[in-house]
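Shown next: data.pdb, containing PDB, C-alpha atoms, pLDDT in the B column.
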ATOM      1  CA  MET I 263     -18.298   8.704   4.150  1.00 41.00           C
ATOM      2  CA  SER I 264     -19.734  11.545   2.081  1.00 41.00           C
ATOM      3  CA  ASN I 265     -18.130  12.413  -1.219  1.00 49.00           C
ATOM      4  CA  PRO I 266     -19.563  15.440  -3.071  1.00 44.00           C
ATOM      5  CA  ALA I 267     -17.621  14.447  -6.178  1.00 45.00           C
ATOM      6  CA  LYS I 268     -19.706  11.283  -6.575  1.00 45.00           C
ATOM      7  CA  SER I 269     -22.958  13.007  -7.560  1.00 41.00           C
ATOM      8  CA  SER I 270     -21.278  15.436  -9.941  1.00 42.00           C
ATOM      9  CA  ALA I 271     -19.298  12.604 -11.502  1.00 46.00           C
ATOM     10  CA  ALA I 272     -22.448  10.577 -12.088  1.00 46.00           C
ATOM     11  CA  SER I 273     -24.252  13.495 -13.704  1.00 48.00           C
ATOM     12  CA  SER I 274     -21.357  14.116 -16.092  1.00 63.00           C
ATOM     13  CA  GLY I 275     -21.173  10.488 -17.235  1.00 88.00           C
ATOM     14  CA  VAL I 276     -17.893   9.839 -15.428  1.00 92.00           C
ATOM     15  CA  VAL I 277     -17.562   6.537 -13.554  1.00 95.00           C
ATOM     16  CA  ALA I 278     -15.344   6.981 -10.491  1.00 96.00           C
ATOM     17  CA  THR I 279     -13.813   3.894  -8.903  1.00 98.00           C
ATOM     18  CA  ARG I 280     -12.225   4.921  -5.622  1.00 98.00           C
ATOM     19  CA  TRP I 281      -9.270   2.909  -4.326  1.00 98.00           C
ATOM     20  CA  TRP I 282      -8.466   3.059  -0.614  1.00 98.00           C
ATOM     21  CA  TRP I 283      -5.051   1.444  -0.132  1.00 98.00           C
ATOM     22  CA  VAL I 284      -4.064   0.454   3.417  1.00 98.00           C
ATOM     23  CA  ARG I 285      -0.528  -0.673   4.188  1.00 98.00           C
ATOM     24  CA  HIS I 286      -0.282  -3.541   6.657  1.00 98.00           C
ATOM     25  CA  ALA I 287       0.722  -3.031  10.312  1.00 97.00           C
ATOM     26  CA  PRO I 288       4.393  -3.126  11.395  1.00 95.00           C
ATOM     27  CA  VAL I 289       6.306  -6.397  11.327  1.00 95.00           C
ATOM     28  CA  ARG I 290       8.160  -7.178  14.574  1.00 93.00           C
ATOM     29  CA  GLU I 291       9.311 -10.746  13.968  1.00 92.00           C
ATOM     30  CA  ASP I 292      11.713 -10.003  11.120  1.00 92.00           C
ATOM     31  CA  ASN I 293      14.741  -9.587  13.449  1.00 92.00           C
ATOM     32  CA  GLY I 294      15.742  -6.483  11.515  1.00 91.00           C
ATOM     33  CA  CYS I 295      15.925  -8.386   8.244  1.00 95.00           C
ATOM     34  CA  ILE I 296      14.433  -7.828   4.797  1.00 96.00           C
ATOM     35  CA  TYR I 297      11.272  -9.932   4.477  1.00 96.00           C
ATOM     36  CA  GLY I 298       9.723  -9.139   1.074  1.00 97.00           C
ATOM     37  CA  GLN I 299       7.302 -11.980   0.319  1.00 97.00           C
ATOM     38  CA  LYS I 300       8.088 -13.991   3.452  1.00 97.00           C
ATOM     39  CA  ASP I 301       4.726 -14.721   5.049  1.00 98.00           C
ATOM     40  CA  ILE I 302       5.240 -13.338   8.534  1.00 97.00           C
ATOM     41  CA  GLY I 303       2.825 -11.694  10.937  1.00 97.00           C
ATOM     42  CA  CYS I 304       2.436  -8.093  12.057  1.00 97.00           C
ATOM     43  CA  ASP I 305       1.746  -6.115  15.231  1.00 96.00           C
ATOM     44  CA  THR I 306      -1.922  -5.166  15.548  1.00 97.00           C
ATOM     45  CA  SER I 307      -1.850  -4.271  19.245  1.00 95.00           C
ATOM     46  CA  ASP I 308      -2.550  -0.526  18.902  1.00 94.00           C
ATOM     47  CA  ARG I 309      -6.351  -0.429  18.710  1.00 95.00           C
ATOM     48  CA  VAL I 310      -6.422   3.376  18.573  1.00 94.00           C
ATOM     49  CA  VAL I 311      -4.599   3.313  15.242  1.00 95.00           C
ATOM     50  CA  PHE I 312      -7.006   0.841  13.654  1.00 97.00           C
ATOM     51  CA  ALA I 313     -10.053   2.673  14.983  1.00 96.00           C
ATOM     52  CA  ALA I 314      -8.714   5.893  13.421  1.00 95.00           C
ATOM     53  CA  VAL I 315      -8.105   4.157  10.092  1.00 97.00           C
ATOM     54  CA  GLY I 316     -11.613   2.728  10.114  1.00 97.00           C
ATOM     55  CA  LYS I 317     -13.151   6.156  10.605  1.00 96.00           C
ATOM     56  CA  ILE I 318     -11.914   7.383   7.218  1.00 96.00           C
ATOM     57  CA  LEU I 319     -12.758   4.253   5.205  1.00 98.00           C
ATOM     58  CA  PRO I 320     -16.073   3.921   3.323  1.00 97.00           C
ATOM     59  CA  ARG I 321     -18.607   1.411   4.691  1.00 96.00           C
ATOM     60  CA  ASP I 322     -20.102   0.033   1.496  1.00 94.00           C
ATOM     61  CA  ALA I 323     -16.873  -1.090  -0.151  1.00 98.00           C
ATOM     62  CA  VAL I 324     -15.291  -4.077  -1.843  1.00 98.00           C
ATOM     63  CA  TRP I 325     -12.463  -5.441   0.321  1.00 98.00           C
ATOM     64  CA  ILE I 326      -9.365  -7.079  -1.173  1.00 98.00           C
ATOM     65  CA  ALA I 327      -6.112  -8.135   0.492  1.00 98.00           C
ATOM     66  CA  SER I 328      -2.870  -9.631  -0.728  1.00 98.00           C
ATOM     67  CA  ASN I 329      -2.254 -13.337  -0.185  1.00 98.00           C
ATOM     68  CA  LEU I 330       0.165 -12.643   2.717  1.00 98.00           C
ATOM     69  CA  LYS I 331      -1.205 -12.978   6.244  1.00 98.00           C
ATOM     70  CA  ARG I 332      -0.011  -9.614   7.540  1.00 98.00           C
ATOM     71  CA  THR I 333      -2.617  -7.926   5.342  1.00 98.00           C
ATOM     72  CA  HIS I 334      -5.336 -10.263   6.653  1.00 98.00           C
ATOM     73  CA  GLN I 335      -4.295  -9.514  10.243  1.00 98.00           C
ATOM     74  CA  THR I 336      -4.429  -5.785   9.531  1.00 98.00           C
ATOM     75  CA  ALA I 337      -7.941  -6.049   8.093  1.00 98.00           C
ATOM     76  CA  ASP I 338      -9.012  -8.113  11.114  1.00 98.00           C
ATOM     77  CA  ALA I 339      -7.671  -5.382  13.423  1.00 98.00           C
ATOM     78  CA  ILE I 340      -9.680  -2.689  11.615  1.00 98.00           C
ATOM     79  CA  TRP I 341     -12.846  -4.770  11.964  1.00 98.00           C
ATOM     80  CA  ALA I 342     -12.085  -5.566  15.620  1.00 98.00           C
ATOM     81  CA  ALA I 343     -11.791  -1.825  16.295  1.00 97.00           C
ATOM     82  CA  GLY I 344     -15.391  -1.296  15.242  1.00 97.00           C
ATOM     83  CA  PHE I 345     -15.482  -1.252  11.432  1.00 97.00           C
ATOM     84  CA  PRO I 346     -18.273  -3.479  10.027  1.00 97.00           C
ATOM     85  CA  LYS I 347     -16.752  -6.704   8.718  1.00 97.00           C
ATOM     86  CA  PRO I 348     -17.488  -7.322   5.028  1.00 97.00           C
ATOM     87  CA  ALA I 349     -19.079 -10.547   3.822  1.00 97.00           C
ATOM     88  CA  ALA I 350     -15.918 -11.477   1.936  1.00 97.00           C
ATOM     89  CA  MET I 351     -12.350 -10.335   1.320  1.00 98.00           C
ATOM     90  CA  PRO I 352     -10.719 -12.070  -1.663  1.00 98.00           C
ATOM     91  CA  HIS I 353      -6.959 -12.613  -1.531  1.00 98.00           C
ATOM     92  CA  GLU I 354      -5.165 -11.173  -4.561  1.00 98.00           C
ATOM     93  CA  ALA I 355      -1.694 -12.663  -5.120  1.00 98.00           C
ATOM     94  CA  ALA I 356      -0.874  -9.879  -7.587  1.00 98.00           C
ATOM     95  CA  PHE I 357      -0.942  -7.439  -4.650  1.00 98.00           C
ATOM     96  CA  ALA I 358       1.801  -9.247  -2.692  1.00 98.00           C
ATOM     97  CA  GLU I 359       5.008  -7.396  -1.880  1.00 98.00           C
ATOM     98  CA  GLN I 360       7.958  -7.631  -4.274  1.00 98.00           C
ATOM     99  CA  HIS I 361       9.736 -10.977  -4.042  1.00 98.00           C
ATOM    100  CA  LEU I 362      13.216  -9.940  -2.942  1.00 98.00           C
ATOM    101  CA  GLY I 363      14.795 -13.330  -3.503  1.00 98.00           C
ATOM    102  CA  GLU I 364      18.161 -13.854  -1.853  1.00 98.00           C
ATOM    103  CA  TRP I 365      17.936 -10.434  -0.187  1.00 97.00           C
ATOM    104  CA  GLN I 366      15.162 -11.756   2.048  1.00 97.00           C
ATOM    105  CA  GLY I 367      16.717 -12.568   5.403  1.00 96.00           C
ATOM    106  CA  MET I 368      19.618 -10.135   4.995  1.00 96.00           C
ATOM    107  CA  ASN I 369      20.139  -7.423   7.612  1.00 95.00           C
ATOM    108  CA  ARG I 370      17.969  -4.537   6.455  1.00 92.00           C
ATOM    109  CA  ALA I 371      20.017  -1.647   7.870  1.00 91.00           C
ATOM    110  CA  ALA I 372      23.298  -2.971   6.458  1.00 94.00           C
ATOM    111  CA  PHE I 373      21.745  -3.606   3.051  1.00 94.00           C
ATOM    112  CA  LEU I 374      20.197  -0.151   2.813  1.00 91.00           C
ATOM    113  CA  ALA I 375      23.422   1.486   4.015  1.00 91.00           C
ATOM    114  CA  SER I 376      25.179  -0.060   1.016  1.00 93.00           C
ATOM    115  CA  LEU I 377      22.886   1.677  -1.487  1.00 92.00           C
ATOM    116  CA  PRO I 378      23.829   4.914  -3.264  1.00 91.00           C
ATOM    117  CA  LEU I 379      22.753   8.104  -1.491  1.00 86.00           C
ATOM    118  CA  GLY I 380      19.253   9.103  -2.544  1.00 85.00           C
ATOM    119  CA  SER I 381      18.050   5.588  -3.340  1.00 89.00           C
ATOM    120  CA  HIS I 382      14.308   5.150  -2.857  1.00 91.00           C
ATOM    121  CA  TRP I 383      14.151   1.359  -3.125  1.00 95.00           C
ATOM    122  CA  PHE I 384      16.221  -1.787  -2.813  1.00 95.00           C
ATOM    123  CA  ALA I 385      17.504  -1.536  -6.396  1.00 96.00           C
ATOM    124  CA  PRO I 386      16.838   0.282  -9.684  1.00 95.00           C
ATOM    125  CA  ILE I 387      13.346  -0.510 -10.938  1.00 96.00           C
ATOM    126  CA  ASP I 388      14.512  -2.907 -13.683  1.00 97.00           C
ATOM    127  CA  GLN I 389      17.053  -4.823 -11.561  1.00 97.00           C
ATOM    128  CA  PRO I 390      15.671  -8.086 -10.179  1.00 98.00           C
ATOM    129  CA  ALA I 391      16.699  -9.356  -6.790  1.00 97.00           C
ATOM    130  CA  PRO I 392      18.789 -12.535  -7.182  1.00 98.00           C
ATOM    131  CA  GLY I 393      16.251 -15.327  -7.346  1.00 98.00           C
ATOM    132  CA  GLY I 394      13.376 -12.841  -7.107  1.00 98.00           C
ATOM    133  CA  GLU I 395      11.640  -9.971  -8.870  1.00 98.00           C
ATOM    134  CA  SER I 396      12.472  -6.476 -10.019  1.00 98.00           C
ATOM    135  CA  PHE I 397      10.251  -3.580  -9.009  1.00 98.00           C
ATOM    136  CA  MET I 398       9.000  -3.550 -12.627  1.00 98.00           C
ATOM    137  CA  ASP I 399       7.838  -7.152 -12.193  1.00 98.00           C
ATOM    138  CA  LEU I 400       5.860  -6.017  -9.154  1.00 98.00           C
ATOM    139  CA  TYR I 401       4.602  -2.943 -10.969  1.00 98.00           C
ATOM    140  CA  ASN I 402       3.335  -4.876 -13.979  1.00 98.00           C
ATOM    141  CA  ARG I 403       1.408  -7.447 -11.945  1.00 98.00           C
ATOM    142  CA  VAL I 404      -0.124  -4.722  -9.750  1.00 98.00           C
ATOM    143  CA  ARG I 405      -1.118  -2.682 -12.801  1.00 98.00           C
ATOM    144  CA  GLY I 406      -2.755  -5.710 -14.433  1.00 98.00           C
ATOM    145  CA  ALA I 407      -4.792  -6.481 -11.316  1.00 98.00           C
ATOM    146  CA  ILE I 408      -5.865  -2.843 -10.925  1.00 98.00           C
ATOM    147  CA  GLU I 409      -7.062  -2.713 -14.518  1.00 97.00           C
ATOM    148  CA  ARG I 410      -9.038  -5.928 -14.066  1.00 98.00           C
ATOM    149  CA  ILE I 411     -10.628  -4.810 -10.787  1.00 98.00           C
ATOM    150  CA  ASN I 412     -11.481  -1.397 -12.243  1.00 97.00           C
ATOM    151  CA  THR I 413     -13.586  -3.253 -14.801  1.00 96.00           C
ATOM    152  CA  GLU I 414     -15.103  -5.745 -12.347  1.00 97.00           C
ATOM    153  CA  HIS I 415     -16.016  -3.140  -9.722  1.00 98.00           C
ATOM    154  CA  ALA I 416     -16.434   0.045 -11.757  1.00 97.00           C
ATOM    155  CA  GLY I 417     -18.020   2.866  -9.791  1.00 97.00           C
ATOM    156  CA  LYS I 418     -17.419   1.283  -6.381  1.00 98.00           C
ATOM    157  CA  ASP I 419     -15.155   1.922  -3.420  1.00 98.00           C
ATOM    158  CA  VAL I 420     -12.348  -0.640  -3.220  1.00 98.00           C
ATOM    159  CA  ILE I 421     -10.385  -1.087   0.025  1.00 98.00           C
ATOM    160  CA  ALA I 422      -7.115  -2.884  -0.740  1.00 98.00           C
ATOM    161  CA  VAL I 423      -4.945  -3.971   2.190  1.00 98.00           C
ATOM    162  CA  ALA I 424      -1.467  -4.447   0.815  1.00 98.00           C
ATOM    163  CA  HIS I 425       2.232  -3.573   1.128  1.00 98.00           C
ATOM    164  CA  GLY I 426       4.564  -0.613   0.763  1.00 97.00           C
ATOM    165  CA  GLY I 427       5.891  -1.662  -2.632  1.00 97.00           C
ATOM    166  CA  THR I 428       2.435  -2.567  -3.904  1.00 98.00           C
ATOM    167  CA  ILE I 429       0.986   0.797  -2.946  1.00 98.00           C
ATOM    168  CA  LYS I 430       3.935   2.640  -4.478  1.00 98.00           C
ATOM    169  CA  ALA I 431       3.277   0.713  -7.696  1.00 98.00           C
ATOM    170  CA  ALA I 432      -0.398   1.736  -7.586  1.00 98.00           C
ATOM    171  CA  ILE I 433       0.674   5.371  -7.254  1.00 98.00           C
ATOM    172  CA  GLY I 434       2.887   4.899 -10.308  1.00 98.00           C
ATOM    173  CA  VAL I 435      -0.139   3.678 -12.255  1.00 98.00           C
ATOM    174  CA  ALA I 436      -2.153   6.703 -11.090  1.00 98.00           C
ATOM    175  CA  LEU I 437       0.654   9.044 -12.139  1.00 97.00           C
ATOM    176  CA  GLY I 438       0.143   7.902 -15.722  1.00 96.00           C
ATOM    177  CA  ASN I 439       2.367   4.815 -15.708  1.00 95.00           C
ATOM    178  CA  GLN I 440       5.468   6.388 -14.194  1.00 95.00           C
ATOM    179  CA  PRO I 441       7.008   3.630 -12.034  1.00 95.00           C
ATOM    180  CA  GLU I 442      10.266   5.553 -11.737  1.00 93.00           C
ATOM    181  CA  LYS I 443       8.432   8.386  -9.937  1.00 95.00           C
ATOM    182  CA  CYS I 444       6.328   6.429  -7.448  1.00 96.00           C
ATOM    183  CA  LEU I 445       9.245   5.205  -5.338  1.00 95.00           C
ATOM    184  CA  ALA I 446       9.826   8.704  -3.958  1.00 94.00           C
ATOM    185  CA  PHE I 447       6.550   8.499  -1.997  1.00 95.00           C
ATOM    186  CA  ASP I 448       6.561   7.421   1.656  1.00 93.00           C
ATOM    187  CA  ILE I 449       4.025   4.733   2.564  1.00 95.00           C
ATOM    188  CA  ASP I 450       3.863   4.188   6.315  1.00 94.00           C
ATOM    189  CA  ASN I 451       2.372   1.212   8.097  1.00 96.00           C
ATOM    190  CA  CYS I 452      -1.420   1.420   8.480  1.00 97.00           C
ATOM    191  CA  SER I 453      -1.525   4.568   6.329  1.00 96.00           C
ATOM    192  CA  VAL I 454      -4.339   5.151   3.850  1.00 98.00           C
ATOM    193  CA  THR I 455      -3.741   6.202   0.248  1.00 98.00           C
ATOM    194  CA  ARG I 456      -6.700   7.050  -1.966  1.00 98.00           C
ATOM    195  CA  LEU I 457      -6.497   6.910  -5.748  1.00 98.00           C
ATOM    196  CA  ASP I 458      -9.585   7.575  -7.884  1.00 98.00           C
ATOM    197  CA  HIS I 459      -9.923   6.044 -11.348  1.00 98.00           C
ATOM    198  CA  LEU I 460     -12.171   8.128 -13.622  1.00 97.00           C
ATOM    199  CA  ALA I 461     -13.602   6.634 -16.805  1.00 94.00           C
ATOM    200  CA  SER I 462     -15.884   8.127 -19.460  1.00 91.00           C
ATOM    201  CA  HIS I 463     -16.630   7.285 -23.112  1.00 84.00           C
ATOM    202  CA  GLY I 464     -13.435   5.344 -23.788  1.00 82.00           C
ATOM    203  CA  HIS I 465     -11.212   7.724 -21.829  1.00 90.00           C
ATOM    204  CA  SER I 466      -9.752   7.312 -18.379  1.00 91.00           C
ATOM    205  CA  SER I 467      -7.573   9.204 -15.929  1.00 96.00           C
ATOM    206  CA  TRP I 468      -6.611   9.183 -12.277  1.00 97.00           C
ATOM    207  CA  ARG I 469      -6.952  11.594  -9.384  1.00 97.00           C
ATOM    208  CA  LEU I 470      -4.829  11.357  -6.201  1.00 97.00           C
ATOM    209  CA  PRO I 471      -6.912  12.789  -3.307  1.00 96.00           C
ATOM    210  CA  MET I 472      -4.517  11.631  -0.575  1.00 96.00           C
ATOM    211  CA  VAL I 473      -1.296   9.683  -0.115  1.00 97.00           C
ATOM    212  CA  ASN I 474       0.076   8.222   3.130  1.00 96.00           C
ATOM    213  CA  GLN I 475      -2.716   9.637   5.310  1.00 96.00           C
ATOM    214  CA  GLN I 476      -2.187   8.721   8.977  1.00 94.00           C
ATOM    215  CA  PRO I 477      -5.315   9.748  10.913  1.00 91.00           C
ATOM    216  CA  TRP I 478      -3.747   8.909  14.287  1.00 88.00           C
ATOM    217  CA  ILE I 479      -0.529  10.888  13.769  1.00 78.00           C
ATOM    218  CA  ALA I 480      -1.372  13.842  16.040  1.00 59.00           C
ATOM    219  CA  ASP I 481      -0.705  11.601  19.053  1.00 63.00           C
ATOM    220  CA  ALA I 482       3.015  10.824  19.392  1.00 60.00           C
ATOM    221  CA  SER I 483       2.278   7.802  21.572  1.00 63.00           C
ATOM    222  CA  HIS I 484       1.551   5.859  18.382  1.00 61.00           C
ATOM    223  CA  ASN I 485       4.870   6.552  16.653  1.00 65.00           C
ATOM    224  CA  ALA I 486       5.886   2.925  17.077  1.00 62.00           C
ATOM    225  CA  MET I 487       3.556   2.092  14.184  1.00 64.00           C
ATOM    226  CA  HIS I 488       6.081   3.572  11.769  1.00 63.00           C
ATOM    227  CA  GLN I 489       8.421   1.352   9.782  1.00 64.00           C
ATOM    228  CA  PRO I 490      10.037   2.333   6.478  1.00 62.00           C
ATOM    229  CA  ALA I 491       8.822   1.069   3.111  1.00 61.00           C
ATOM    230  CA  GLY I 492      12.193   1.406   1.412  1.00 62.00           C
ATOM    231  CA  PRO I 493      15.346   3.293   2.471  1.00 64.00           C
ATOM    232  CA  GLU I 494      15.027   5.931   5.146  1.00 61.00           C
ATOM    233  CA  VAL I 495      16.796   9.268   4.966  1.00 52.00           C
ATOM    234  CA  ILE I 496      18.733   9.893   8.170  1.00 52.00           C
ATOM    235  CA  PRO I 497      19.199  13.596   8.996  1.00 49.00           C
ATOM    236  CA  ALA I 498      22.808  14.742   9.099  1.00 46.00           C
ATOM    237  CA  THR I 499      22.401  15.773  12.750  1.00 47.00           C
ATOM    238  CA  LYS I 500      21.803  12.134  13.662  1.00 47.00           C
ATOM    239  CA  LEU I 501      24.917  11.035  11.812  1.00 42.00           C
ATOM    240  CA  ALA I 502      27.194  13.425  13.668  1.00 40.00           C
TER
END
Structure translated into structure tokens:
Amino acid sequence: MSNPAKSSAASSGVVATRWWWVRHAPVREDNGCIYGQKDIGCDTSDRVVFAAVGKILPRDAVWIASNLKRTHQTADAIWAAGFPKPAAMPHEAAFAEQHLGEWQGMNRAAFLASLPLGSHWFAPIDQPAPGGESFMDLYNRVRGAIERINTEHAGKDVIAVAHGGTIKAAIGVALGNQPEKCLAFDIDNCSVTRLDHLASHGHSSWRLPMVNQQPWIADASHNAMHQPAGPEVIPATKLA
């Protein structure tokens, strides 16, 4: 995939490490319950979606997935749809979804309906789930892994197959460490979010070229690939 910014960045002494975050495919076996870090599978039956995702991903990239199998299944589906399979794809536990503790297994719709209007996540960022993590716990482990991988793979394209909460956390890092802001972003299943880390002479910054890109979205027949990553806003007309 061509990127005119790469040559200009190199000539100016800026090292650009481009992150391509892919959220896993929809989960169907959750029975409408919160699953968090439960290691359950996902639906990879819509080949058109994975072919479309593969068309916008760079070929010569480092692949990384979380340690949960739904991200591995999603990567497999992209490769099966025609994308060249990489030689390796390390599993990064730091990129797992937030551990939602005792909330895992609870009815999702009922739980989200109990939240205050305008909530973007399961709880305030510093409130841990009983027996689990807070969003800040997730955010801090994701940030640490991003910083490490930025050093290990500086100047490369990194494709990270992960989860809604993980990708929101990555956006918070790219916004200049603002975890309270990143939860307002939608991250749909199979969507691609690109975040570029720019480093030069002891300084670094981020650029956000695209968030929640869904290259198949023009065709309504693929709408079943959508599942929320956090509370959904239901229009008032549907509540009437």
Exercise. Selected by the PyMOL selection byres ((chain I and resi 415) around 12) in the shown coordinates: which residues, as a list in words?
Worked result: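 Checked against the file, the PyMOL selection byres ((chain I and resi 415) around 12) matches Val277, Ala278, Thr279, Arg280, Trp281, Ala323, Val324, Trp325, Ile326, Ala407, Ile408, Glu409, Arg410, Ile411, Asn412, Thr413, Glu414, Ala416, Gly417, Lys418, Asp419, Val420, Ile421 and His459 of chain I.
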For the selection just defined, write its residues with C-alpha atoms to a file, as a CSV table (one decimal), keeping the file's coordinate frame.
chain,number,residue,atom,x,y,z
I,277,VAL,CA,-17.6,6.5,-13.6
I,278,ALA,CA,-15.3,7.0,-10.5
I,279,THR,CA,-13.8,3.9,-8.9
I,280,ARG,CA,-12.2,4.9,-5.6
I,281,TRP,CA,-9.3,2.9,-4.3
I,323,ALA,CA,-16.9,-1.1,-0.2
I,324,VAL,CA,-15.3,-4.1,-1.8
I,325,TRP,CA,-12.5,-5.4,0.3
I,326,ILE,CA,-9.4,-7.1,-1.2
I,407,ALA,CA,-4.8,-6.5,-11.3
I,408,ILE,CA,-5.9,-2.8,-10.9
I,409,GLU,CA,-7.1,-2.7,-14.5
I,410,ARG,CA,-9.0,-5.9,-14.1
I,411,ILE,CA,-10.6,-4.8,-10.8
I,412,ASN,CA,-11.5,-1.4,-12.2
I,413,THR,CA,-13.6,-3.3,-14.8
I,414,GLU,CA,-15.1,-5.7,-12.3
I,416,ALA,CA,-16.4,0.0,-11.8
I,417,GLY,CA,-18.0,2.9,-9.8
I,418,LYS,CA,-17.4,1.3,-6.4
I,419,ASP,CA,-15.2,1.9,-3.4
I,420,VAL,CA,-12.3,-0.6,-3.2
I,421,ILE,CA,-10.4,-1.1,0.0
I,459,HIS,CA,-9.9,6.0,-11.3
Exercise. I:Ile296, I:Cys444, I:Ala432, I:Leu457: which is nearest I:Met368, counting all atoms listed in the file?
Worked result: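 Looking only at the distances to I:Met368, the closest residue turns out to be I:Ile296.
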For this session: Calculate how many Å separate atom CA of I:Gln335 from atom CA of I:Ala385, rounding to one decimal.
Result: 28.6 Å
Problem set entry | stretch 287-295 of chain I surroundings by only C-alpha atoms, 8 Å radius, close-in-sequence under 6 positions cut, as a VMD selection string | chain I and resid 302 to 306 332 to 333 336 366 to 371 451 to 452 487 to 489
For this session: Skip I:Gly434 itself and residues of its chain fewer than 6 positions away, then list as a list of chain:residue names all residues within 8 Å of it, counting all atoms listed in the file.
Result: I:Gln440, I:Pro441, I:Glu442, I:Lys443, I:Cys444
